[in-house]
$ cat coords04.pdb   # PDB, C-alpha atoms and all ligand atoms
ATOM      1  CA  MET N   3     141.438 -29.008 -38.551  1.00  0.00           C
ATOM      2  CA  LEU N   4     139.085 -31.807 -39.617  1.00  0.00           C
ATOM      3  CA  LYS N   5     137.121 -31.586 -36.385  1.00  0.00           C
ATOM      4  CA  ARG N   6     136.449 -27.897 -37.084  1.00  0.00           C
ATOM      5  CA  ILE N   7     135.168 -28.787 -40.566  1.00  0.00           C
ATOM      6  CA  TYR N   8     132.884 -31.431 -39.070  1.00  0.00           C
ATOM      7  CA  ASP N   9     131.626 -28.997 -36.401  1.00  0.00           C
ATOM      8  CA  GLY N  10     130.940 -26.438 -39.157  1.00  0.00           C
ATOM      9  CA  LEU N  11     128.990 -28.981 -41.200  1.00  0.00           C
ATOM     10  CA  VAL N  12     126.811 -29.826 -38.197  1.00  0.00           C
ATOM     11  CA  THR N  13     126.118 -26.240 -37.124  1.00  0.00           C
ATOM     12  CA  SER N  14     125.543 -24.977 -40.686  1.00  0.00           C
ATOM     13  CA  ALA N  15     122.898 -27.705 -41.048  1.00  0.00           C
ATOM     14  CA  GLY N  16     121.095 -26.065 -38.113  1.00  0.00           C
ATOM     15  CA  ALA N  17     121.987 -28.589 -35.389  1.00  0.00           C
ATOM     16  CA  GLY N  18     123.540 -27.772 -32.042  1.00  0.00           C
ATOM     17  CA  VAL N  19     126.501 -29.649 -30.602  1.00  0.00           C
ATOM     18  CA  CYS N  20     126.709 -30.641 -26.941  1.00  0.00           C
ATOM     19  CA  PHE N  21     130.338 -31.361 -26.181  1.00  0.00           C
ATOM     20  CA  ASN N  22     131.310 -33.523 -23.204  1.00  0.00           C
ATOM     21  CA  THR N  23     127.804 -34.871 -22.952  1.00  0.00           C
ATOM     22  CA  ARG N  24     127.113 -38.539 -22.369  1.00  0.00           C
ATOM     23  CA  LEU N  25     123.972 -40.501 -23.102  1.00  0.00           C
ATOM     24  CA  CYS N  26     123.177 -42.379 -19.914  1.00  0.00           C
ATOM     25  CA  GLY N  27     119.555 -43.475 -20.104  1.00  0.00           C
ATOM     26  CA  VAL N  28     116.351 -43.601 -22.072  1.00  0.00           C
ATOM     27  CA  GLU N  29     112.760 -42.935 -20.983  1.00  0.00           C
ATOM     28  CA  MET N  30     110.155 -44.892 -22.919  1.00  0.00           C
ATOM     29  CA  ALA N  31     106.654 -43.659 -23.776  1.00  0.00           C
ATOM     30  CA  GLY N  32     105.629 -47.173 -24.776  1.00  0.00           C
ATOM     31  CA  PRO N  33     107.186 -50.439 -25.872  1.00  0.00           C
ATOM     32  CA  ASP N  34     108.484 -48.959 -29.136  1.00  0.00           C
ATOM     33  CA  ARG N  35     108.470 -45.195 -28.594  1.00  0.00           C
ATOM     34  CA  ILE N  36     111.173 -43.101 -26.933  1.00  0.00           C
ATOM     35  CA  GLU N  37     109.895 -40.332 -24.657  1.00  0.00           C
ATOM     36  CA  ALA N  38     113.302 -38.756 -23.972  1.00  0.00           C
ATOM     37  CA  VAL N  39     116.966 -39.561 -23.684  1.00  0.00           C
ATOM     38  CA  ILE N  40     118.781 -38.759 -20.465  1.00  0.00           C
ATOM     39  CA  VAL N  41     122.175 -37.167 -20.852  1.00  0.00           C
ATOM     40  CA  ALA N  42     124.815 -36.123 -18.357  1.00  0.00           C
ATOM     41  CA  ASP N  43     127.142 -33.167 -18.688  1.00  0.00           C
ATOM     42  CA  LYS N  44     128.983 -30.783 -16.376  1.00  0.00           C
ATOM     43  CA  ALA N  45     125.674 -29.328 -15.181  1.00  0.00           C
ATOM     44  CA  GLY N  46     124.256 -32.728 -14.246  1.00  0.00           C
ATOM     45  CA  LEU N  47     121.481 -34.820 -15.731  1.00  0.00           C
ATOM     46  CA  ARG N  48     118.871 -33.580 -18.209  1.00  0.00           C
ATOM     47  CA  ALA N  49     116.300 -35.033 -20.571  1.00  0.00           C
ATOM     48  CA  CYS N  50     116.318 -34.302 -24.318  1.00  0.00           C
ATOM     49  CA  ARG N  51     113.253 -34.853 -26.455  1.00  0.00           C
ATOM     50  CA  ALA N  52     113.203 -35.180 -30.253  1.00  0.00           C
ATOM     51  CA  LYS N  53     110.978 -36.373 -33.057  1.00  0.00           C
ATOM     52  CA  VAL N  54     113.672 -38.728 -34.285  1.00  0.00           C
ATOM     53  CA  TYR N  55     116.632 -40.209 -32.396  1.00  0.00           C
ATOM     54  CA  VAL N  56     119.739 -41.263 -34.302  1.00  0.00           C
ATOM     55  CA  ASP N  57     121.945 -43.699 -32.408  1.00  0.00           C
ATOM     56  CA  GLY N  58     125.612 -42.923 -33.102  1.00  0.00           C
ATOM     57  CA  THR N  59     127.098 -44.687 -30.078  1.00  0.00           C
ATOM     58  CA  GLY N  60     128.945 -47.240 -32.174  1.00  0.00           C
ATOM     59  CA  ASP N  61     127.613 -50.160 -30.112  1.00  0.00           C
ATOM     60  CA  GLY N  62     123.945 -49.232 -30.579  1.00  0.00           C
ATOM     61  CA  ASP N  63     123.501 -48.477 -26.869  1.00  0.00           C
ATOM     62  CA  LEU N  64     120.467 -46.234 -27.341  1.00  0.00           C
ATOM     63  CA  ALA N  65     118.701 -48.768 -29.557  1.00  0.00           C
ATOM     64  CA  ALA N  66     119.492 -51.597 -27.144  1.00  0.00           C
ATOM     65  CA  TRP N  67     118.367 -49.607 -24.078  1.00  0.00           C
ATOM     66  CA  ALA N  68     115.159 -48.733 -25.915  1.00  0.00           C
ATOM     67  CA  GLY N  69     114.485 -52.436 -26.321  1.00  0.00           C
ATOM     68  CA  ALA N  70     115.331 -52.815 -30.024  1.00  0.00           C
ATOM     69  CA  ALA N  71     116.240 -56.315 -31.120  1.00  0.00           C
ATOM     70  CA  PHE N  72     119.934 -56.839 -31.861  1.00  0.00           C
ATOM     71  CA  GLU N  73     122.423 -59.583 -32.584  1.00  0.00           C
ATOM     72  CA  LYS N  74     125.891 -59.802 -31.129  1.00  0.00           C
ATOM     73  CA  GLY N  75     128.665 -62.017 -32.444  1.00  0.00           C
ATOM     74  CA  ASP N  76     128.342 -65.195 -34.456  1.00  0.00           C
ATOM     75  CA  ALA N  77     126.223 -68.236 -33.678  1.00  0.00           C
ATOM     76  CA  HIS N  78     128.499 -68.939 -30.669  1.00  0.00           C
ATOM     77  CA  GLY N  79     128.539 -65.320 -29.455  1.00  0.00           C
ATOM     78  CA  GLN N  80     132.119 -64.896 -30.651  1.00  0.00           C
ATOM     79  CA  LEU N  81     133.130 -61.348 -31.601  1.00  0.00           C
ATOM     80  CA  GLN N  82     135.798 -60.323 -34.079  1.00  0.00           C
ATOM     81  CA  PRO N  83     138.783 -59.207 -32.012  1.00  0.00           C
ATOM     82  CA  ALA N  84     139.752 -55.571 -32.353  1.00  0.00           C
ATOM     83  CA  THR N  85     143.045 -54.855 -34.063  1.00  0.00           C
ATOM     84  CA  HIS N  86     145.838 -55.088 -31.537  1.00  0.00           C
ATOM     85  CA  CYS N  87     147.804 -51.864 -31.821  1.00  0.00           C
ATOM     86  CA  PHE N  88     150.899 -51.440 -29.749  1.00  0.00           C
ATOM     87  CA  VAL N  89     154.173 -49.564 -29.712  1.00  0.00           C
ATOM     88  CA  LEU N  90     157.308 -51.414 -28.653  1.00  0.00           C
ATOM     89  CA  THR N  91     159.905 -49.089 -27.222  1.00  0.00           C
ATOM     90  CA  ASN N  92     163.190 -49.265 -25.379  1.00  0.00           C
ATOM     91  CA  VAL N  93     164.458 -52.197 -27.452  1.00  0.00           C
ATOM     92  CA  ASP N  94     168.189 -52.561 -27.719  1.00  0.00           C
ATOM     93  CA  PRO N  95     168.710 -54.395 -31.043  1.00  0.00           C
ATOM     94  CA  TYR N  96     172.349 -55.176 -30.276  1.00  0.00           C
ATOM     95  CA  ALA N  97     171.560 -56.803 -26.917  1.00  0.00           C
ATOM     96  CA  CYS N  98     168.718 -58.695 -28.571  1.00  0.00           C
ATOM     97  CA  TRP N  99     170.956 -59.858 -31.413  1.00  0.00           C
ATOM     98  CA  TYR N 100     173.751 -61.149 -29.203  1.00  0.00           C
ATOM     99  CA  THR N 101     171.623 -62.861 -26.579  1.00  0.00           C
ATOM    100  CA  PRO N 102     173.035 -66.429 -26.150  1.00  0.00           C
ATOM    101  CA  ARG N 103     169.711 -68.102 -27.078  1.00  0.00           C
ATOM    102  CA  ILE N 104     169.822 -66.619 -30.583  1.00  0.00           C
ATOM    103  CA  PRO N 105     172.801 -67.774 -32.648  1.00  0.00           C
ATOM    104  CA  PRO N 106     174.839 -64.850 -33.968  1.00  0.00           C
ATOM    105  CA  PRO N 107     174.863 -64.345 -37.731  1.00  0.00           C
ATOM    106  CA  ALA N 108     177.753 -65.476 -39.938  1.00  0.00           C
ATOM    107  CA  ARG N 109     178.468 -61.833 -40.633  1.00  0.00           C
ATOM    108  CA  ALA N 110     177.277 -58.677 -38.910  1.00  0.00           C
ATOM    109  CA  PRO N 111     173.981 -57.363 -40.289  1.00  0.00           C
ATOM    110  CA  ARG N 112     173.923 -54.039 -42.104  1.00  0.00           C
ATOM    111  CA  ASN N 113     170.638 -53.140 -40.470  1.00  0.00           C
ATOM    112  CA  PRO N 114     170.595 -54.585 -36.920  1.00  0.00           C
ATOM    113  CA  HIS N 115     166.916 -53.714 -36.441  1.00  0.00           C
ATOM    114  CA  ARG N 116     165.798 -55.821 -39.403  1.00  0.00           C
ATOM    115  CA  ALA N 117     168.201 -58.678 -38.647  1.00  0.00           C
ATOM    116  CA  CYS N 118     167.126 -58.776 -34.999  1.00  0.00           C
ATOM    117  CA  THR N 119     163.453 -59.082 -35.897  1.00  0.00           C
ATOM    118  CA  SER N 120     163.978 -61.877 -38.396  1.00  0.00           C
ATOM    119  CA  SER N 121     166.148 -63.798 -35.923  1.00  0.00           C
ATOM    120  CA  ILE N 122     163.524 -63.584 -33.203  1.00  0.00           C
ATOM    121  CA  ARG N 123     160.944 -65.015 -35.583  1.00  0.00           C
ATOM    122  CA  LYS N 124     163.172 -68.008 -36.269  1.00  0.00           C
ATOM    123  CA  ALA N 125     164.428 -68.530 -32.722  1.00  0.00           C
ATOM    124  CA  PRO N 126     163.139 -71.738 -31.098  1.00  0.00           C
ATOM    125  CA  CYS N 127     163.043 -70.128 -27.649  1.00  0.00           C
ATOM    126  CA  THR N 128     160.440 -67.653 -28.911  1.00  0.00           C
ATOM    127  CA  ARG N 129     158.189 -70.493 -30.082  1.00  0.00           C
ATOM    128  CA  ARG N 130     158.505 -72.250 -26.703  1.00  0.00           C
ATOM    129  CA  TRP N 131     157.601 -69.022 -24.930  1.00  0.00           C
ATOM    130  CA  ARG N 132     154.540 -68.593 -27.142  1.00  0.00           C
ATOM    131  CA  ARG N 133     153.337 -72.129 -26.420  1.00  0.00           C
ATOM    132  CA  ALA N 134     153.831 -71.637 -22.678  1.00  0.00           C
ATOM    133  CA  ALA N 135     152.112 -68.249 -22.629  1.00  0.00           C
ATOM    134  CA  ILE N 136     148.982 -69.264 -24.508  1.00  0.00           C
ATOM    135  CA  PRO N 137     146.874 -71.726 -22.500  1.00  0.00           C
TER     136      PRO N 137
HETATM  137  C1  LIG N 201     141.172 -51.155 -32.855  1.00  0.00           C
HETATM  138  C2  LIG N 201     140.200 -50.941 -33.999  1.00  0.00           C
HETATM  139  C3  LIG N 201     140.680 -50.900 -35.296  1.00  0.00           C
HETATM  140  C4  LIG N 201     139.807 -50.704 -36.375  1.00  0.00           C
HETATM  141  N1  LIG N 201     140.326 -50.662 -37.630  1.00  0.00           N
HETATM  142  C5  LIG N 201     139.500 -50.458 -38.658  1.00  0.00           C
HETATM  143  C6  LIG N 201     140.006 -50.364 -39.978  1.00  0.00           C
HETATM  144  O1  LIG N 201     141.203 -50.474 -40.211  1.00  0.00           O
HETATM  145  N2  LIG N 201     139.140 -50.175 -41.006  1.00  0.00           N
HETATM  146  C7  LIG N 201     137.787 -50.046 -40.785  1.00  0.00           C
HETATM  147  O2  LIG N 201     137.035 -49.852 -41.753  1.00  0.00           O
HETATM  148  N3  LIG N 201     137.279 -50.115 -39.541  1.00  0.00           N
HETATM  149  C8  LIG N 201     138.081 -50.318 -38.481  1.00  0.00           C
HETATM  150  N4  LIG N 201     137.575 -50.403 -37.228  1.00  0.00           N
HETATM  151  C9  LIG N 201     136.120 -50.302 -37.052  1.00  0.00           C
HETATM  152  C10 LIG N 201     135.661 -48.844 -37.096  1.00  0.00           C
HETATM  153  O3  LIG N 201     136.432 -48.078 -36.193  1.00  0.00           O
HETATM  154  C11 LIG N 201     134.188 -48.795 -36.673  1.00  0.00           C
HETATM  155  O4  LIG N 201     133.443 -49.684 -37.485  1.00  0.00           O
HETATM  156  C12 LIG N 201     133.654 -47.390 -36.843  1.00  0.00           C
HETATM  157  O5  LIG N 201     134.421 -46.469 -36.124  1.00  0.00           O
HETATM  158  C13 LIG N 201     132.217 -47.342 -36.319  1.00  0.00           C
HETATM  159  O6  LIG N 201     131.770 -46.005 -36.471  1.00  0.00           O
HETATM  160  P1  LIG N 201     130.578 -45.462 -35.633  1.00  0.00           P
HETATM  161  O7  LIG N 201     130.408 -44.023 -35.975  1.00  0.00           O
HETATM  162  O8  LIG N 201     129.393 -46.373 -35.793  1.00  0.00           O
HETATM  163  O9  LIG N 201     131.025 -45.602 -34.095  1.00  0.00           O
HETATM  164  P2  LIG N 201     132.278 -44.997 -33.352  1.00  0.00           P
HETATM  165  O10 LIG N 201     133.355 -44.548 -34.281  1.00  0.00           O
HETATM  166  O11 LIG N 201     132.616 -46.007 -32.282  1.00  0.00           O
HETATM  167  O12 LIG N 201     131.682 -43.691 -32.690  1.00  0.00           O
HETATM  168  C14 LIG N 201     130.808 -43.771 -31.592  1.00  0.00           C
HETATM  169  C15 LIG N 201     130.964 -42.487 -30.795  1.00  0.00           C
HETATM  170  O13 LIG N 201     129.936 -42.433 -29.821  1.00  0.00           O
HETATM  171  C16 LIG N 201     130.504 -42.087 -28.577  1.00  0.00           C
HETATM  172  N5  LIG N 201     129.670 -42.687 -27.527  1.00  0.00           N
HETATM  173  C17 LIG N 201     129.545 -44.005 -27.223  1.00  0.00           C
HETATM  174  N6  LIG N 201     128.678 -44.158 -26.201  1.00  0.00           N
HETATM  175  C18 LIG N 201     128.269 -42.914 -25.871  1.00  0.00           C
HETATM  176  C19 LIG N 201     127.382 -42.410 -24.878  1.00  0.00           C
HETATM  177  N7  LIG N 201     126.724 -43.207 -24.010  1.00  0.00           N
HETATM  178  N8  LIG N 201     127.178 -41.066 -24.803  1.00  0.00           N
HETATM  179  C20 LIG N 201     127.847 -40.233 -25.651  1.00  0.00           C
HETATM  180  N9  LIG N 201     128.694 -40.640 -26.625  1.00  0.00           N
HETATM  181  C21 LIG N 201     128.910 -41.972 -26.712  1.00  0.00           C
HETATM  182  C22 LIG N 201     131.917 -42.654 -28.590  1.00  0.00           C
HETATM  183  O14 LIG N 201     132.716 -41.927 -27.680  1.00  0.00           O
HETATM  184  C23 LIG N 201     132.298 -42.415 -30.054  1.00  0.00           C
HETATM  185  O15 LIG N 201     132.842 -41.138 -30.213  1.00  0.00           O
HETATM  186  C24 LIG N 201     138.421 -50.563 -36.134  1.00  0.00           C
HETATM  187  C25 LIG N 201     137.944 -50.600 -34.813  1.00  0.00           C
HETATM  188  C26 LIG N 201     138.812 -50.788 -33.758  1.00  0.00           C
HETATM  189  C27 LIG N 201     138.266 -50.808 -32.327  1.00  0.00           C
END
$ encode --input "coords04.pdb" --output "structure tokens" --more "lines below"
Ligand SMILES: Cc1cc2nc3c(=O)[nH]c(=O)nc-3n(C[C@H](O)[C@H](O)[C@H](O)COP(=O)(O)OP(=O)(O)OC[C@H]3O[C@@H](n4cnc5c(N)ncnc54)[C@H](O)[C@@H]3O)c2cc1C
Amino acid sequence: MLKRIYDGLVTSAGAGVCFNTRLCGVEMAGPDRIEAVIVADKAGLRACRAKVYVDGTGDGDLAAWAGAAFEKGDAHGQLQPATHCFVLTNVDPYACWYTPRIPPPARAPRNPHRACTSSIRKAPCTRRWRRAAIP
């Protein structure tokens, strides 16, 4: 639904949308003037000319390809790591809970999922594995 609203905002402002079109090059008319951008779509390559070019590539590809100055990372070139998103599936909390390396609880947990997670955090074998895995 939101994408339709966005498309409507763009077209009602008088702009056209080129779906499935990738910016893949830039032609320069001089050291600081873009002649055209080269895009690729299902029909092949074509050049698009405009008075003003707005770079929305996220990484500033158009600006960089056009020779604009840019900075990347901190003084050592280090970048902020992207958020690590993952989904953990096929976990058997009962098998995890009763594995011999993790001592069983004094009494059975009401919520095995929660109890399993907290036990893993405390388990010494997990810490050893972390140290071994990270060089
Ligand atoms: C894993 C992750 C988690 C994040 N979490 C957060 C958060 O919680 N909060 C927050 O504020 N920010 C977060 N960010 C940062 C946020 O997503 C970005 O700062 C924001 O999306 C940048 O917007 P943008 O429009 O400049 O670029 P983007 O959203 O990256 O959009 C760029 C678009 O240009 C397209 N594109 C790129 N190159 C080309 C090309 N050559 N030709 C055609 N199209 C091209 C891409 O496909 C994309 O659709 C996160 C980023 C990542 C990677």
$ resolve_selection --input "coords04.pdb" --expression "the PyMOL selection byres (((chain N and resi 19-32) around 8) and not hetatm)" --output "list in words"
Asp9, Val12, Thr13, Ala17, Gly18, Pro33, Asp34, Arg35, Ile36, Glu37, Ala38, Val39, Ile40, Val41, Ala42, Asp43, Lys44, Leu64, Trp67 and Ala68 of chain N
$ write_last_selection --input "coords04.pdb" --atoms "C-alpha atoms" --output "PDB file, in the coordinates of the input"
ATOM      1  CA  ASP N   9     131.626 -28.997 -36.401  1.00  0.00           C
ATOM      2  CA  VAL N  12     126.811 -29.826 -38.197  1.00  0.00           C
ATOM      3  CA  THR N  13     126.118 -26.240 -37.124  1.00  0.00           C
ATOM      4  CA  ALA N  17     121.987 -28.589 -35.389  1.00  0.00           C
ATOM      5  CA  GLY N  18     123.540 -27.772 -32.042  1.00  0.00           C
ATOM      6  CA  PRO N  33     107.186 -50.439 -25.872  1.00  0.00           C
ATOM      7  CA  ASP N  34     108.484 -48.959 -29.136  1.00  0.00           C
ATOM      8  CA  ARG N  35     108.470 -45.195 -28.594  1.00  0.00           C
ATOM      9  CA  ILE N  36     111.173 -43.101 -26.933  1.00  0.00           C
ATOM     10  CA  GLU N  37     109.895 -40.332 -24.657  1.00  0.00           C
ATOM     11  CA  ALA N  38     113.302 -38.756 -23.972  1.00  0.00           C
ATOM     12  CA  VAL N  39     116.966 -39.561 -23.684  1.00  0.00           C
ATOM     13  CA  ILE N  40     118.781 -38.759 -20.465  1.00  0.00           C
ATOM     14  CA  VAL N  41     122.175 -37.167 -20.852  1.00  0.00           C
ATOM     15  CA  ALA N  42     124.815 -36.123 -18.357  1.00  0.00           C
ATOM     16  CA  ASP N  43     127.142 -33.167 -18.688  1.00  0.00           C
ATOM     17  CA  LYS N  44     128.983 -30.783 -16.376  1.00  0.00           C
ATOM     18  CA  LEU N  64     120.467 -46.234 -27.341  1.00  0.00           C
ATOM     19  CA  TRP N  67     118.367 -49.607 -24.078  1.00  0.00           C
ATOM     20  CA  ALA N  68     115.159 -48.733 -25.915  1.00  0.00           C
TER      21      ALA N  68
END
$ axis_aligned_box --input "coords04.pdb" --around "region 55-61 of chain N" --padding-each-side "6 Å" --output "lines of an AutoDock Vina configuration file"
center_x = 122.8
center_y = -45.2
center_z = -32.2
size_x = 24.3
size_y = 22.0
size_z = 16.2
$ atom_distance --input "coords04.pdb" --atom1 "CA of Lys74 (chain N)" --atom2 "CA of Phe88 (chain N)"
26.4 Å
$ closest_residue --input "coords04.pdb" --among "N:Asp57, N:Thr91, N:Glu73, N:Ala97" --to "ligand LIG 201 (chain N)" --atoms "all atoms listed in the file"
N:Asp57
$ closest_residue --input "coords04.pdb" --among "N:Gly58, N:Gly10, N:Gly46, N:Gly75" --to "ligand LIG 201 (chain N)" --atoms "only C-alpha atoms and all ligand atoms"
N:Gly58
$ atom_distance --input "coords04.pdb" --atom1 "CA of Asp76 (chain N)" --atom2 "atom C22 of ligand LIG 201 (chain N)"
23.6 Å
$ atom_distance --input "coords04.pdb" --atom1 "CA of Ala45 (chain N)" --atom2 "atom C20 of ligand LIG 201 (chain N)"
15.3 Å
$ build_atoms --input "coords04.pdb" --residues "region 34-44 of chain N" --atoms "all heavy atoms" --output "mmCIF file, keeping the file's coordinate frame"
data_model
loop_
_atom_site.group_PDB
_atom_site.id
_atom_site.type_symbol
_atom_site.label_atom_id
_atom_site.label_comp_id
_atom_site.auth_asym_id
_atom_site.auth_seq_id
_atom_site.Cartn_x
_atom_site.Cartn_y
_atom_site.Cartn_z
ATOM 1 N N ASP N 34 107.642 -49.255 -27.980
ATOM 2 C CA ASP N 34 108.484 -48.959 -29.136
ATOM 3 C C ASP N 34 108.543 -47.452 -29.418
ATOM 4 O O ASP N 34 108.710 -47.040 -30.557
ATOM 5 C CB ASP N 34 107.997 -49.737 -30.371
ATOM 6 C CG ASP N 34 106.534 -49.440 -30.676
ATOM 7 O OD1 ASP N 34 105.929 -48.628 -29.935
ATOM 8 O OD2 ASP N 34 106.007 -50.004 -31.645
ATOM 9 N N ARG N 35 108.393 -46.650 -28.381
ATOM 10 C CA ARG N 35 108.470 -45.195 -28.594
ATOM 11 C C ARG N 35 109.297 -44.547 -27.479
ATOM 12 O O ARG N 35 109.014 -44.735 -26.290
ATOM 13 C CB ARG N 35 107.056 -44.606 -28.609
ATOM 14 C CG ARG N 35 107.043 -43.157 -28.946
ATOM 15 C CD ARG N 35 105.699 -42.683 -29.485
ATOM 16 N NE ARG N 35 105.836 -41.343 -30.034
ATOM 17 C CZ ARG N 35 106.216 -41.087 -31.253
ATOM 18 N NH1 ARG N 35 106.479 -42.073 -32.090
ATOM 19 N NH2 ARG N 35 106.332 -39.842 -31.674
ATOM 20 N N ILE N 36 110.310 -43.780 -27.912
ATOM 21 C CA ILE N 36 111.173 -43.101 -26.933
ATOM 22 C C ILE N 36 110.520 -41.789 -26.508
ATOM 23 O O ILE N 36 110.119 -40.977 -27.352
ATOM 24 C CB ILE N 36 112.573 -42.839 -27.537
ATOM 25 C CG1 ILE N 36 113.292 -44.161 -27.816
ATOM 26 C CG2 ILE N 36 113.405 -41.967 -26.611
ATOM 27 C CD1 ILE N 36 114.631 -43.999 -28.512
ATOM 28 N N GLU N 37 110.416 -41.593 -25.203
ATOM 29 C CA GLU N 37 109.895 -40.332 -24.657
ATOM 30 C C GLU N 37 111.018 -39.284 -24.598
ATOM 31 O O GLU N 37 110.851 -38.150 -25.020
ATOM 32 C CB GLU N 37 109.337 -40.605 -23.251
ATOM 33 C CG GLU N 37 108.931 -39.384 -22.447
ATOM 34 C CD GLU N 37 107.686 -38.713 -23.015
ATOM 35 O OE1 GLU N 37 106.898 -39.420 -23.661
ATOM 36 O OE2 GLU N 37 107.526 -37.491 -22.814
ATOM 37 N N ALA N 38 112.163 -39.681 -24.096
ATOM 38 C CA ALA N 38 113.302 -38.756 -23.972
ATOM 39 C C ALA N 38 114.571 -39.556 -23.730
ATOM 40 O O ALA N 38 114.507 -40.705 -23.278
ATOM 41 C CB ALA N 38 113.072 -37.792 -22.806
ATOM 42 N N VAL N 39 115.681 -38.962 -24.075
ATOM 43 C CA VAL N 39 116.966 -39.561 -23.684
ATOM 44 C C VAL N 39 117.533 -38.746 -22.532
ATOM 45 O O VAL N 39 117.347 -37.517 -22.469
ATOM 46 C CB VAL N 39 117.977 -39.624 -24.864
ATOM 47 C CG1 VAL N 39 117.507 -40.602 -25.928
ATOM 48 C CG2 VAL N 39 118.246 -38.255 -25.461
ATOM 49 N N ILE N 40 118.184 -39.425 -21.625
ATOM 50 C CA ILE N 40 118.781 -38.759 -20.465
ATOM 51 C C ILE N 40 120.276 -38.614 -20.733
ATOM 52 O O ILE N 40 120.947 -39.602 -21.068
ATOM 53 C CB ILE N 40 118.565 -39.581 -19.166
ATOM 54 C CG1 ILE N 40 117.105 -40.013 -19.047
ATOM 55 C CG2 ILE N 40 119.032 -38.808 -17.953
ATOM 56 C CD1 ILE N 40 116.105 -38.887 -19.006
ATOM 57 N N VAL N 41 120.746 -37.400 -20.623
ATOM 58 C CA VAL N 41 122.175 -37.167 -20.852
ATOM 59 C C VAL N 41 122.784 -36.523 -19.616
ATOM 60 O O VAL N 41 122.077 -35.890 -18.815
ATOM 61 C CB VAL N 41 122.416 -36.271 -22.108
ATOM 62 C CG1 VAL N 41 121.879 -36.937 -23.360
ATOM 63 C CG2 VAL N 41 121.841 -34.886 -21.921
ATOM 64 N N ALA N 42 124.086 -36.705 -19.487
ATOM 65 C CA ALA N 42 124.815 -36.123 -18.357
ATOM 66 C C ALA N 42 125.916 -35.224 -18.899
ATOM 67 O O ALA N 42 126.626 -35.593 -19.842
ATOM 68 C CB ALA N 42 125.418 -37.226 -17.496
ATOM 69 N N ASP N 43 126.027 -34.055 -18.340
ATOM 70 C CA ASP N 43 127.142 -33.167 -18.688
ATOM 71 C C ASP N 43 127.610 -32.479 -17.410
ATOM 72 O O ASP N 43 127.238 -32.880 -16.311
ATOM 73 C CB ASP N 43 126.744 -32.172 -19.793
ATOM 74 C CG ASP N 43 125.590 -31.277 -19.397
ATOM 75 O OD1 ASP N 43 125.256 -31.226 -18.182
ATOM 76 O OD2 ASP N 43 125.009 -30.625 -20.277
ATOM 77 N N LYS N 44 128.411 -31.455 -17.544
ATOM 78 C CA LYS N 44 128.983 -30.783 -16.376
ATOM 79 C C LYS N 44 127.907 -30.260 -15.435
ATOM 80 O O LYS N 44 128.111 -30.192 -14.223
ATOM 81 C CB LYS N 44 129.863 -29.627 -16.901
ATOM 82 C CG LYS N 44 130.664 -28.913 -15.865
ATOM 83 C CD LYS N 44 131.917 -29.691 -15.516
ATOM 84 C CE LYS N 44 132.813 -28.882 -14.598
ATOM 85 N NZ LYS N 44 132.221 -28.650 -13.281
#
